[in-house]
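The data block below is model_2.pdb; it holds PDB, C-alpha atoms, pLDDT in the B column.
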```pdb
ATOM      1  CA  LYS A   1     151.710-137.693 148.770  1.00 79.00           C
ATOM      2  CA  GLN A   2     150.256-140.063 146.218  1.00 86.00           C
ATOM      3  CA  GLU A   3     152.040-140.107 142.860  1.00 91.00           C
ATOM      4  CA  VAL A   4     150.447-141.540 139.747  1.00 94.00           C
ATOM      5  CA  THR A   5     152.472-142.472 136.680  1.00 94.00           C
ATOM      6  CA  GLN A   6     151.293-143.531 133.249  1.00 95.00           C
ATOM      7  CA  ILE A   7     153.472-145.317 130.750  1.00 91.00           C
ATOM      8  CA  PRO A   8     153.847-144.888 127.848  1.00 91.00           C
ATOM      9  CA  ALA A   9     153.200-141.174 127.403  1.00 93.00           C
ATOM     10  CA  ALA A  10     152.231-141.790 123.789  1.00 96.00           C
ATOM     11  CA  LEU A  11     151.274-144.855 121.779  1.00 96.00           C
ATOM     12  CA  SER A  12     150.541-145.372 118.109  1.00 97.00           C
ATOM     13  CA  VAL A  13     149.007-148.642 116.879  1.00 97.00           C
ATOM     14  CA  PRO A  14     147.372-149.922 113.674  1.00 97.00           C
ATOM     15  CA  GLU A  15     143.628-150.418 113.670  1.00 97.00           C
ATOM     16  CA  GLY A  16     142.476-153.771 115.007  1.00 97.00           C
ATOM     17  CA  GLU A  17     145.339-154.269 117.418  1.00 97.00           C
ATOM     18  CA  ASN A  18     144.776-155.068 121.086  1.00 97.00           C
ATOM     19  CA  LEU A  19     146.624-152.753 123.451  1.00 96.00           C
ATOM     20  CA  VAL A  20     147.408-152.170 127.107  1.00 96.00           C
ATOM     21  CA  LEU A  21     147.815-148.874 128.921  1.00 97.00           C
ATOM     22  CA  ASN A  22     149.556-148.816 132.281  1.00 97.00           C
ATOM     23  CA  CYS A  23     148.987-146.835 135.448  1.00 97.00           C
ATOM     24  CA  SER A  24     151.004-147.088 138.655  1.00 97.00           C
ATOM     25  CA  PHE A  25     150.479-145.409 142.010  1.00 96.00           C
ATOM     26  CA  THR A  26     152.617-145.164 145.125  1.00 95.00           C
ATOM     27  CA  ASP A  27     150.132-145.547 147.993  1.00 91.00           C
ATOM     28  CA  SER A  28     147.857-148.598 147.976  1.00 90.00           C
ATOM     29  CA  ALA A  29     145.406-147.138 150.520  1.00 91.00           C
ATOM     30  CA  ILE A  30     142.792-146.054 147.985  1.00 90.00           C
ATOM     31  CA  TYR A  31     139.015-146.049 147.713  1.00 89.00           C
ATOM     32  CA  ASN A  32     139.060-146.627 143.991  1.00 91.00           C
ATOM     33  CA  LEU A  33     140.766-146.018 140.673  1.00 94.00           C
ATOM     34  CA  GLN A  34     139.020-144.450 137.718  1.00 95.00           C
ATOM     35  CA  TRP A  35     139.955-144.431 134.029  1.00 97.00           C
ATOM     36  CA  PHE A  36     138.976-141.467 131.845  1.00 96.00           C
ATOM     37  CA  ARG A  37     139.147-140.582 128.205  1.00 97.00           C
ATOM     38  CA  GLN A  38     139.813-137.036 127.009  1.00 96.00           C
ATOM     39  CA  ASP A  39     139.429-135.870 123.426  1.00 95.00           C
ATOM     40  CA  PRO A  40     141.432-132.795 122.351  1.00 91.00           C
ATOM     41  CA  GLY A  41     140.028-129.610 123.876  1.00 87.00           C
ATOM     42  CA  LYS A  42     137.237-131.467 125.648  1.00 90.00           C
ATOM     43  CA  GLY A  43     136.343-132.580 129.151  1.00 91.00           C
ATOM     44  CA  LEU A  44     136.928-135.995 130.718  1.00 94.00           C
ATOM     45  CA  THR A  45     134.643-138.922 130.023  1.00 93.00           C
ATOM     46  CA  SER A  46     134.529-141.606 132.706  1.00 93.00           C
ATOM     47  CA  LEU A  47     135.248-145.055 131.277  1.00 96.00           C
ATOM     48  CA  LEU A  48     135.590-147.415 134.200  1.00 96.00           C
ATOM     49  CA  LEU A  49     135.643-147.232 137.983  1.00 93.00           C
ATOM     50  CA  ILE A  50     137.287-150.017 140.013  1.00 94.00           C
ATOM     51  CA  GLN A  51     136.634-150.059 143.732  1.00 91.00           C
ATOM     52  CA  SER A  52     139.544-151.111 145.956  1.00 91.00           C
ATOM     53  CA  SER A  53     137.855-154.454 146.716  1.00 92.00           C
ATOM     54  CA  GLN A  54     137.529-155.322 143.022  1.00 93.00           C
ATOM     55  CA  ARG A  55     140.099-156.843 140.674  1.00 95.00           C
ATOM     56  CA  GLU A  56     138.635-155.784 137.339  1.00 95.00           C
ATOM     57  CA  GLN A  57     135.831-154.044 135.502  1.00 95.00           C
ATOM     58  CA  THR A  58     134.643-154.450 131.921  1.00 96.00           C
ATOM     59  CA  SER A  59     132.705-152.245 129.567  1.00 95.00           C
ATOM     60  CA  GLY A  60     132.396-153.320 125.950  1.00 96.00           C
ATOM     61  CA  ARG A  61     135.880-153.574 124.447  1.00 97.00           C
ATOM     62  CA  LEU A  62     137.482-152.103 127.572  1.00 98.00           C
ATOM     63  CA  ASN A  63     138.768-154.066 130.535  1.00 97.00           C
ATOM     64  CA  ALA A  64     140.499-152.479 133.515  1.00 97.00           C
ATOM     65  CA  SER A  65     142.336-154.423 136.195  1.00 97.00           C
ATOM     66  CA  LEU A  66     143.568-153.364 139.593  1.00 97.00           C
ATOM     67  CA  ASP A  67     146.383-154.855 141.667  1.00 95.00           C
ATOM     68  CA  LYS A  68     146.307-152.709 144.751  1.00 92.00           C
ATOM     69  CA  SER A  69     149.163-154.434 146.526  1.00 91.00           C
ATOM     70  CA  SER A  70     151.591-153.694 143.709  1.00 94.00           C
ATOM     71  CA  GLY A  71     150.106-150.272 142.971  1.00 95.00           C
ATOM     72  CA  ARG A  72     149.187-151.027 139.365  1.00 97.00           C
ATOM     73  CA  SER A  73     146.251-150.833 137.030  1.00 97.00           C
ATOM     74  CA  THR A  74     145.992-151.674 133.349  1.00 97.00           C
ATOM     75  CA  LEU A  75     143.434-150.635 130.761  1.00 97.00           C
ATOM     76  CA  TYR A  76     143.061-153.208 127.994  1.00 97.00           C
ATOM     77  CA  ILE A  77     141.450-152.088 124.733  1.00 97.00           C
ATOM     78  CA  ALA A  78     140.454-154.878 122.386  1.00 98.00           C
ATOM     79  CA  ALA A  79     140.290-154.556 118.603  1.00 97.00           C
ATOM     80  CA  SER A  80     141.256-150.882 118.577  1.00 97.00           C
ATOM     81  CA  GLN A  81     139.468-148.437 116.240  1.00 97.00           C
ATOM     82  CA  PRO A  82     140.412-144.944 114.965  1.00 97.00           C
ATOM     83  CA  GLY A  83     137.636-143.556 117.190  1.00 97.00           C
ATOM     84  CA  ASP A  84     139.600-144.763 120.227  1.00 97.00           C
ATOM     85  CA  SER A  85     142.249-142.117 119.521  1.00 98.00           C
ATOM     86  CA  ALA A  86     142.341-139.858 122.569  1.00 97.00           C
ATOM     87  CA  THR A  87     144.266-139.270 125.783  1.00 97.00           C
ATOM     88  CA  TYR A  88     143.591-141.785 128.531  1.00 98.00           C
ATOM     89  CA  LEU A  89     143.970-140.719 132.161  1.00 97.00           C
ATOM     90  CA  CYS A  90     143.873-142.743 135.333  1.00 96.00           C
ATOM     91  CA  ALA A  91     143.139-141.253 138.740  1.00 94.00           C
ATOM     92  CA  VAL A  92     143.163-142.625 142.273  1.00 93.00           C
ATOM     93  CA  SER A  93     141.142-141.574 145.280  1.00 90.00           C
ATOM     94  CA  PRO A  94     143.305-141.980 148.411  1.00 87.00           C
ATOM     95  CA  ILE A  95     141.632-142.893 151.681  1.00 86.00           C
ATOM     96  CA  GLU A  96     143.837-140.530 153.689  1.00 79.00           C
ATOM     97  CA  THR A  97     142.924-137.344 151.831  1.00 73.00           C
ATOM     98  CA  GLY A  98     139.222-137.900 151.208  1.00 66.00           C
ATOM     99  CA  ASN A  99     138.209-135.532 148.432  1.00 72.00           C
ATOM    100  CA  GLN A 100     141.589-135.386 146.774  1.00 78.00           C
ATOM    101  CA  PHE A 101     141.882-137.188 143.479  1.00 85.00           C
ATOM    102  CA  TYR A 102     145.319-137.775 141.984  1.00 90.00           C
ATOM    103  CA  PHE A 103     145.654-137.942 138.215  1.00 93.00           C
ATOM    104  CA  GLY A 104     148.318-139.444 136.040  1.00 93.00           C
ATOM    105  CA  THR A 105     149.667-137.347 133.171  1.00 88.00           C
ATOM    106  CA  GLY A 106     147.982-139.531 130.600  1.00 94.00           C
ATOM    107  CA  THR A 107     148.729-141.719 127.600  1.00 97.00           C
ATOM    108  CA  SER A 108     148.034-140.205 124.187  1.00 97.00           C
ATOM    109  CA  LEU A 109     146.728-142.976 121.929  1.00 98.00           C
ATOM    110  CA  THR A 110     146.608-142.807 118.136  1.00 97.00           C
ATOM    111  CA  VAL A 111     144.952-145.638 116.225  1.00 97.00           C
ATOM    112  CA  ILE A 112     146.001-145.597 112.569  1.00 97.00           C
ATOM    113  CA  PRO A 113     143.379-146.684 110.017  1.00 96.00           C
TER     114      PRO A 113
ATOM    115  CA  ASP B 114     121.885-139.682 132.181  1.00 68.00           C
ATOM    116  CA  VAL B 115     124.423-137.879 134.287  1.00 70.00           C
ATOM    117  CA  LYS B 116     125.127-134.315 133.265  1.00 89.00           C
ATOM    118  CA  VAL B 117     127.636-131.656 134.308  1.00 95.00           C
ATOM    119  CA  THR B 118     127.447-128.451 132.298  1.00 95.00           C
ATOM    120  CA  GLN B 119     129.714-125.419 132.231  1.00 96.00           C
ATOM    121  CA  SER B 120     128.566-121.958 131.246  1.00 91.00           C
ATOM    122  CA  SER B 121     131.051-121.349 128.434  1.00 92.00           C
ATOM    123  CA  ARG B 122     133.254-123.505 126.223  1.00 93.00           C
ATOM    124  CA  TYR B 123     135.554-120.611 125.301  1.00 95.00           C
ATOM    125  CA  LEU B 124     136.144-117.331 127.093  1.00 96.00           C
ATOM    126  CA  VAL B 125     138.497-114.438 126.359  1.00 97.00           C
ATOM    127  CA  LYS B 126     139.068-111.819 129.053  1.00 97.00           C
ATOM    128  CA  ARG B 127     141.456-108.964 129.727  1.00 97.00           C
ATOM    129  CA  THR B 128     143.967-108.724 132.552  1.00 98.00           C
ATOM    130  CA  GLY B 129     142.357-107.336 135.696  1.00 97.00           C
ATOM    131  CA  GLU B 130     138.799-108.325 134.790  1.00 97.00           C
ATOM    132  CA  LYS B 131     136.630-110.260 137.232  1.00 97.00           C
ATOM    133  CA  VAL B 132     135.717-113.607 135.692  1.00 97.00           C
ATOM    134  CA  PHE B 133     132.913-115.997 136.646  1.00 97.00           C
ATOM    135  CA  LEU B 134     132.894-119.618 135.556  1.00 97.00           C
ATOM    136  CA  GLU B 135     129.737-121.537 136.344  1.00 97.00           C
ATOM    137  CA  CYS B 136     129.107-125.233 136.692  1.00 97.00           C
ATOM    138  CA  VAL B 137     125.771-127.002 137.095  1.00 97.00           C
ATOM    139  CA  GLN B 138     125.104-130.668 137.834  1.00 96.00           C
ATOM    140  CA  ASP B 139     121.742-132.400 137.673  1.00 94.00           C
ATOM    141  CA  MET B 140     122.549-135.452 139.801  1.00 90.00           C
ATOM    142  CA  ASP B 141     121.908-134.089 143.311  1.00 91.00           C
ATOM    143  CA  HIS B 142     125.587-134.653 144.128  1.00 92.00           C
ATOM    144  CA  GLU B 143     127.018-133.443 147.425  1.00 90.00           C
ATOM    145  CA  ASN B 144     130.526-132.784 146.158  1.00 92.00           C
ATOM    146  CA  MET B 145     131.686-130.443 143.425  1.00 94.00           C
ATOM    147  CA  PHE B 146     135.199-129.619 142.270  1.00 95.00           C
ATOM    148  CA  TRP B 147     137.108-127.123 140.145  1.00 97.00           C
ATOM    149  CA  TYR B 148     140.330-128.165 138.383  1.00 96.00           C
ATOM    150  CA  ARG B 149     142.627-126.497 135.943  1.00 96.00           C
ATOM    151  CA  GLN B 150     144.526-128.442 133.317  1.00 95.00           C
ATOM    152  CA  ASP B 151     147.800-127.273 131.812  1.00 93.00           C
ATOM    153  CA  PRO B 152     150.200-129.059 129.447  1.00 88.00           C
ATOM    154  CA  GLY B 153     152.909-130.854 131.365  1.00 84.00           C
ATOM    155  CA  LEU B 154     151.240-130.170 134.736  1.00 87.00           C
ATOM    156  CA  GLY B 155     148.148-132.311 134.391  1.00 87.00           C
ATOM    157  CA  LEU B 156     144.995-131.625 136.370  1.00 92.00           C
ATOM    158  CA  ARG B 157     145.296-129.656 139.583  1.00 92.00           C
ATOM    159  CA  LEU B 158     142.565-129.122 142.146  1.00 92.00           C
ATOM    160  CA  ILE B 159     141.685-125.479 142.821  1.00 96.00           C
ATOM    161  CA  TYR B 160     138.733-125.752 145.226  1.00 95.00           C
ATOM    162  CA  PHE B 161     136.073-128.218 146.190  1.00 92.00           C
ATOM    163  CA  SER B 162     132.758-128.049 147.993  1.00 94.00           C
ATOM    164  CA  TYR B 163     131.148-130.840 150.013  1.00 90.00           C
ATOM    165  CA  ASP B 164     127.876-129.065 150.760  1.00 90.00           C
ATOM    166  CA  VAL B 165     126.018-125.836 150.091  1.00 91.00           C
ATOM    167  CA  LYS B 166     128.029-122.858 151.348  1.00 88.00           C
ATOM    168  CA  MET B 167     130.921-125.180 152.334  1.00 90.00           C
ATOM    169  CA  LYS B 168     134.253-125.082 150.543  1.00 92.00           C
ATOM    170  CA  GLU B 169     137.815-126.197 150.964  1.00 92.00           C
ATOM    171  CA  LYS B 170     141.020-125.161 149.256  1.00 93.00           C
ATOM    172  CA  GLY B 171     142.726-127.547 146.911  1.00 91.00           C
ATOM    173  CA  ASP B 172     146.325-127.472 145.762  1.00 90.00           C
ATOM    174  CA  ILE B 173     146.321-124.121 143.949  1.00 95.00           C
ATOM    175  CA  PRO B 174     143.651-121.772 145.398  1.00 96.00           C
ATOM    176  CA  GLU B 175     145.643-118.538 145.088  1.00 96.00           C
ATOM    177  CA  GLY B 176     143.935-115.988 142.865  1.00 96.00           C
ATOM    178  CA  TYR B 177     140.613-117.849 142.917  1.00 98.00           C
ATOM    179  CA  SER B 178     137.487-117.952 145.038  1.00 97.00           C
ATOM    180  CA  VAL B 179     134.320-120.055 144.829  1.00 97.00           C
ATOM    181  CA  SER B 180     130.656-119.830 145.624  1.00 96.00           C
ATOM    182  CA  ARG B 181     128.066-122.523 146.229  1.00 96.00           C
ATOM    183  CA  GLU B 182     124.702-121.022 147.094  1.00 94.00           C
ATOM    184  CA  LYS B 183     122.659-123.914 145.691  1.00 95.00           C
ATOM    185  CA  LYS B 184     123.468-127.614 145.689  1.00 94.00           C
ATOM    186  CA  GLU B 185     123.493-127.934 141.912  1.00 96.00           C
ATOM    187  CA  ARG B 186     125.652-124.885 141.132  1.00 97.00           C
ATOM    188  CA  PHE B 187     129.334-124.228 141.860  1.00 97.00           C
ATOM    189  CA  SER B 188     130.986-121.044 140.629  1.00 97.00           C
ATOM    190  CA  LEU B 189     134.671-120.291 140.235  1.00 98.00           C
ATOM    191  CA  ILE B 190     135.648-116.635 140.476  1.00 98.00           C
ATOM    192  CA  LEU B 191     138.849-115.038 139.282  1.00 97.00           C
ATOM    193  CA  GLU B 192     138.885-111.791 141.248  1.00 94.00           C
ATOM    194  CA  SER B 193     141.406-110.070 138.975  1.00 97.00           C
ATOM    195  CA  ALA B 194     142.344-112.207 136.002  1.00 97.00           C
ATOM    196  CA  SER B 195     146.011-112.541 135.095  1.00 97.00           C
ATOM    197  CA  THR B 196     147.722-114.038 132.059  1.00 97.00           C
ATOM    198  CA  ASN B 197     149.015-117.001 134.098  1.00 97.00           C
ATOM    199  CA  GLN B 198     145.388-118.022 134.651  1.00 98.00           C
ATOM    200  CA  THR B 199     145.021-118.827 130.970  1.00 98.00           C
ATOM    201  CA  SER B 200     144.084-122.490 131.099  1.00 97.00           C
ATOM    202  CA  MET B 201     141.438-125.171 130.617  1.00 96.00           C
ATOM    203  CA  TYR B 202     139.059-125.208 133.591  1.00 97.00           C
ATOM    204  CA  LEU B 203     137.184-128.382 134.393  1.00 97.00           C
ATOM    205  CA  CYS B 204     134.309-128.828 136.817  1.00 96.00           C
ATOM    206  CA  ALA B 205     133.416-132.201 138.339  1.00 94.00           C
ATOM    207  CA  SER B 206     130.902-133.642 140.761  1.00 93.00           C
ATOM    208  CA  SER B 207     130.505-136.812 142.818  1.00 90.00           C
ATOM    209  CA  LEU B 208     127.849-138.180 145.121  1.00 88.00           C
ATOM    210  CA  PHE B 209     130.101-138.873 148.090  1.00 78.00           C
ATOM    211  CA  ALA B 210     133.707-137.967 148.803  1.00 69.00           C
ATOM    212  CA  GLY B 211     136.425-140.436 147.923  1.00 69.00           C
ATOM    213  CA  GLU B 212     134.309-143.477 147.218  1.00 67.00           C
ATOM    214  CA  SER B 213     132.270-142.242 144.314  1.00 80.00           C
ATOM    215  CA  ARG B 214     132.699-141.949 140.585  1.00 86.00           C
ATOM    216  CA  ARG B 215     133.601-138.460 139.466  1.00 89.00           C
ATOM    217  CA  TYR B 216     131.779-136.857 136.524  1.00 92.00           C
ATOM    218  CA  PHE B 217     133.319-134.023 134.550  1.00 94.00           C
ATOM    219  CA  GLY B 218     131.909-131.174 132.516  1.00 95.00           C
ATOM    220  CA  PRO B 219     133.055-130.283 128.977  1.00 94.00           C
ATOM    221  CA  GLY B 220     135.567-127.685 130.176  1.00 95.00           C
ATOM    222  CA  THR B 221     136.038-123.947 129.662  1.00 96.00           C
ATOM    223  CA  ARG B 222     139.054-122.751 127.731  1.00 96.00           C
ATOM    224  CA  LEU B 223     139.900-119.381 129.284  1.00 97.00           C
ATOM    225  CA  THR B 224     142.335-117.003 127.625  1.00 97.00           C
ATOM    226  CA  VAL B 225     143.454-113.910 129.549  1.00 98.00           C
ATOM    227  CA  LEU B 226     145.042-111.231 127.370  1.00 97.00           C
TER     228      LEU B 226
END
```
What is this file in structure tokens?
Amino acid sequence: KQEVTQIPAALSVPEGENLVLNCSFTDSAIYNLQWFRQDPGKGLTSLLLIQSSQREQTSGRLNASLDKSSGRSTLYIAASQPGDSATYLCAVSPIETGNQFYFGTGTSLTVIP
Amino acid sequence: DVKVTQSSRYLVKRTGEKVFLECVQDMDHENMFWYRQDPGLGLRLIYFSYDVKMKEKGDIPEGYSVSREKKERFSLILESASTNQTSMYLCASSLFAGESRRYFGPGTRLTVL
């Protein structure tokens, strides 16, 4: 069964700093990997989707990379802002199990003004 | 713009009540999903549906049932609510199975007293 791990579990940084969130997964046979943001008590907002054939995706200040062979993805946030404070989740879609979608437990990010 | 809506943001019910949670998507997606999210356990798949009137069990289907009579609507039913079903419930949809981006609704915080 696919296992997805996110490190660190929590991160606190001063405003303006660049930061990296990590996601690792055990089975490299995936369709894609998706990064989400979740604000307290709210649903998940999709940030970036990387297909298995891609190495990275960018959206504004966010850049996500995928190294399928090593089972790793990183989410890079440039010039962090207090509004970036949230929990960030990664999830992988394994080829073997079709509709299953395995989530990491998330990284809780606090950006201090 | 993509939209997944859920019938209630907050719901309080009593033990033994029958509870309906509704989810509607406006993207003509084939696949719809119900998850629950609990602290320390992450997101767990309850049921999913890949077509009208079709459903499959996820990881934790016990105590739940689902209904999909129309493509845009997917209902989660708690036949007899229990306190251990107090949780955040999240609905999602995607166009295809594993390959597609998943979109989530805002969530329903259900409390069973």
*asked:* If the PyMOL selection byres ((chain B) within 8 of (chain A)) were run on this exact file, what residues would it hold? Put them as a list in words.
replied: Gly153, Leu154, Gly155, Leu156, Leu158, Phe161, Gly171, Leu203, Ala210, Gly211, Glu212, Arg214, Arg215, Tyr216, Phe217, Gly218, Pro219, Gly220 and Arg222 of chain B
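Put simply, CA of Leu19 in chain A is 21.7 Å away from CA of Gln54 in chain A.
CA of Asp172 in chain B is found 21.3 Å from CA of Val225 in chain B.
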Expected axis-aligned box over every listed atom of range 179-192 of chain B, 6 Å added per side, centre plus edges in Å to one decimal, as JSON:
```
{"center_x": 130.8, "center_y": -119.9, "center_z": 143.2, "size_x": 28.2, "size_y": 28.1, "size_z": 19.8}
```
*Quick one: everything within 10 Å of Ser121 in chain B, counting all atoms listed in the file, minus sequence neighbours fewer than 2 positions away in the same chain. Send it as an MDAnalysis selection string.*
chainID B and resid 118:119 123:124 133:136 219:223
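Residue nearest Tyr177 in chain B within the list B:Val132, B:Val165, B:Val115, B:Met145: B:Val132 [criterion: smallest interatomic distance, all atoms listed in the file].
The residues returned by the PyMOL selection byres ((chain A and resi 74) around 6) for this structure are Leu21, Asn22, Ala64, Ser65, Ser73 and Leu75 of chain A.
The space between CA of Asp27 in chain A and CA of Arg72 in chain A spans 10.3 Å.
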*Expanded to explicit residues, what is the PyMOL selection byres ((chain A and resi 16-18) around 7) for this file, as a ChimeraX atom specification?*
/A:13-15,19,77-81
Compile the contact shell of range 146-150 of chain B as an mmCIF file with C-alpha atoms, in the frame of the given file: residues with an atom at most 8 Å away, counting all atoms listed in the file, same-chain residues fewer than 5 positions apart removed.
```cif
data_model
loop_
_atom_site.group_PDB
_atom_site.id
_atom_site.type_symbol
_atom_site.label_atom_id
_atom_site.label_comp_id
_atom_site.auth_asym_id
_atom_site.auth_seq_id
_atom_site.Cartn_x
_atom_site.Cartn_y
_atom_site.Cartn_z
ATOM 1 C CA GLY B 155 148.148 -132.311 134.391
ATOM 2 C CA LEU B 156 144.995 -131.625 136.370
ATOM 3 C CA ARG B 157 145.296 -129.656 139.583
ATOM 4 C CA LEU B 158 142.565 -129.122 142.146
ATOM 5 C CA ILE B 159 141.685 -125.479 142.821
ATOM 6 C CA TYR B 160 138.733 -125.752 145.226
ATOM 7 C CA PHE B 161 136.073 -128.218 146.190
ATOM 8 C CA SER B 162 132.758 -128.049 147.993
ATOM 9 C CA PHE B 187 129.334 -124.228 141.860
ATOM 10 C CA LEU B 189 134.671 -120.291 140.235
ATOM 11 C CA SER B 200 144.084 -122.490 131.099
ATOM 12 C CA MET B 201 141.438 -125.171 130.617
ATOM 13 C CA TYR B 202 139.059 -125.208 133.591
ATOM 14 C CA LEU B 203 137.184 -128.382 134.393
ATOM 15 C CA CYS B 204 134.309 -128.828 136.817
ATOM 16 C CA ALA B 205 133.416 -132.201 138.339
ATOM 17 C CA SER B 206 130.902 -133.642 140.761
#
```
*Please provide the set of residues having any atom within 8 Å of His142 in chain B, restricted to only C-alpha atoms, with same-chain residues fewer than 6 positions apart removed, written as a ChimeraX atom specification.*
/B:184-185,206-209
*asked:* I'd like the neighbourhood of Thr224 in chain B as a list in words, where a residue qualifies if any of its atoms comes within 8 Å (using only C-alpha atoms), though same-chain residues fewer than 5 positions away should be ignored.
replied: Leu124, Val125, Lys126, Thr196, Gln198, Thr199 and Ser200 of chain B
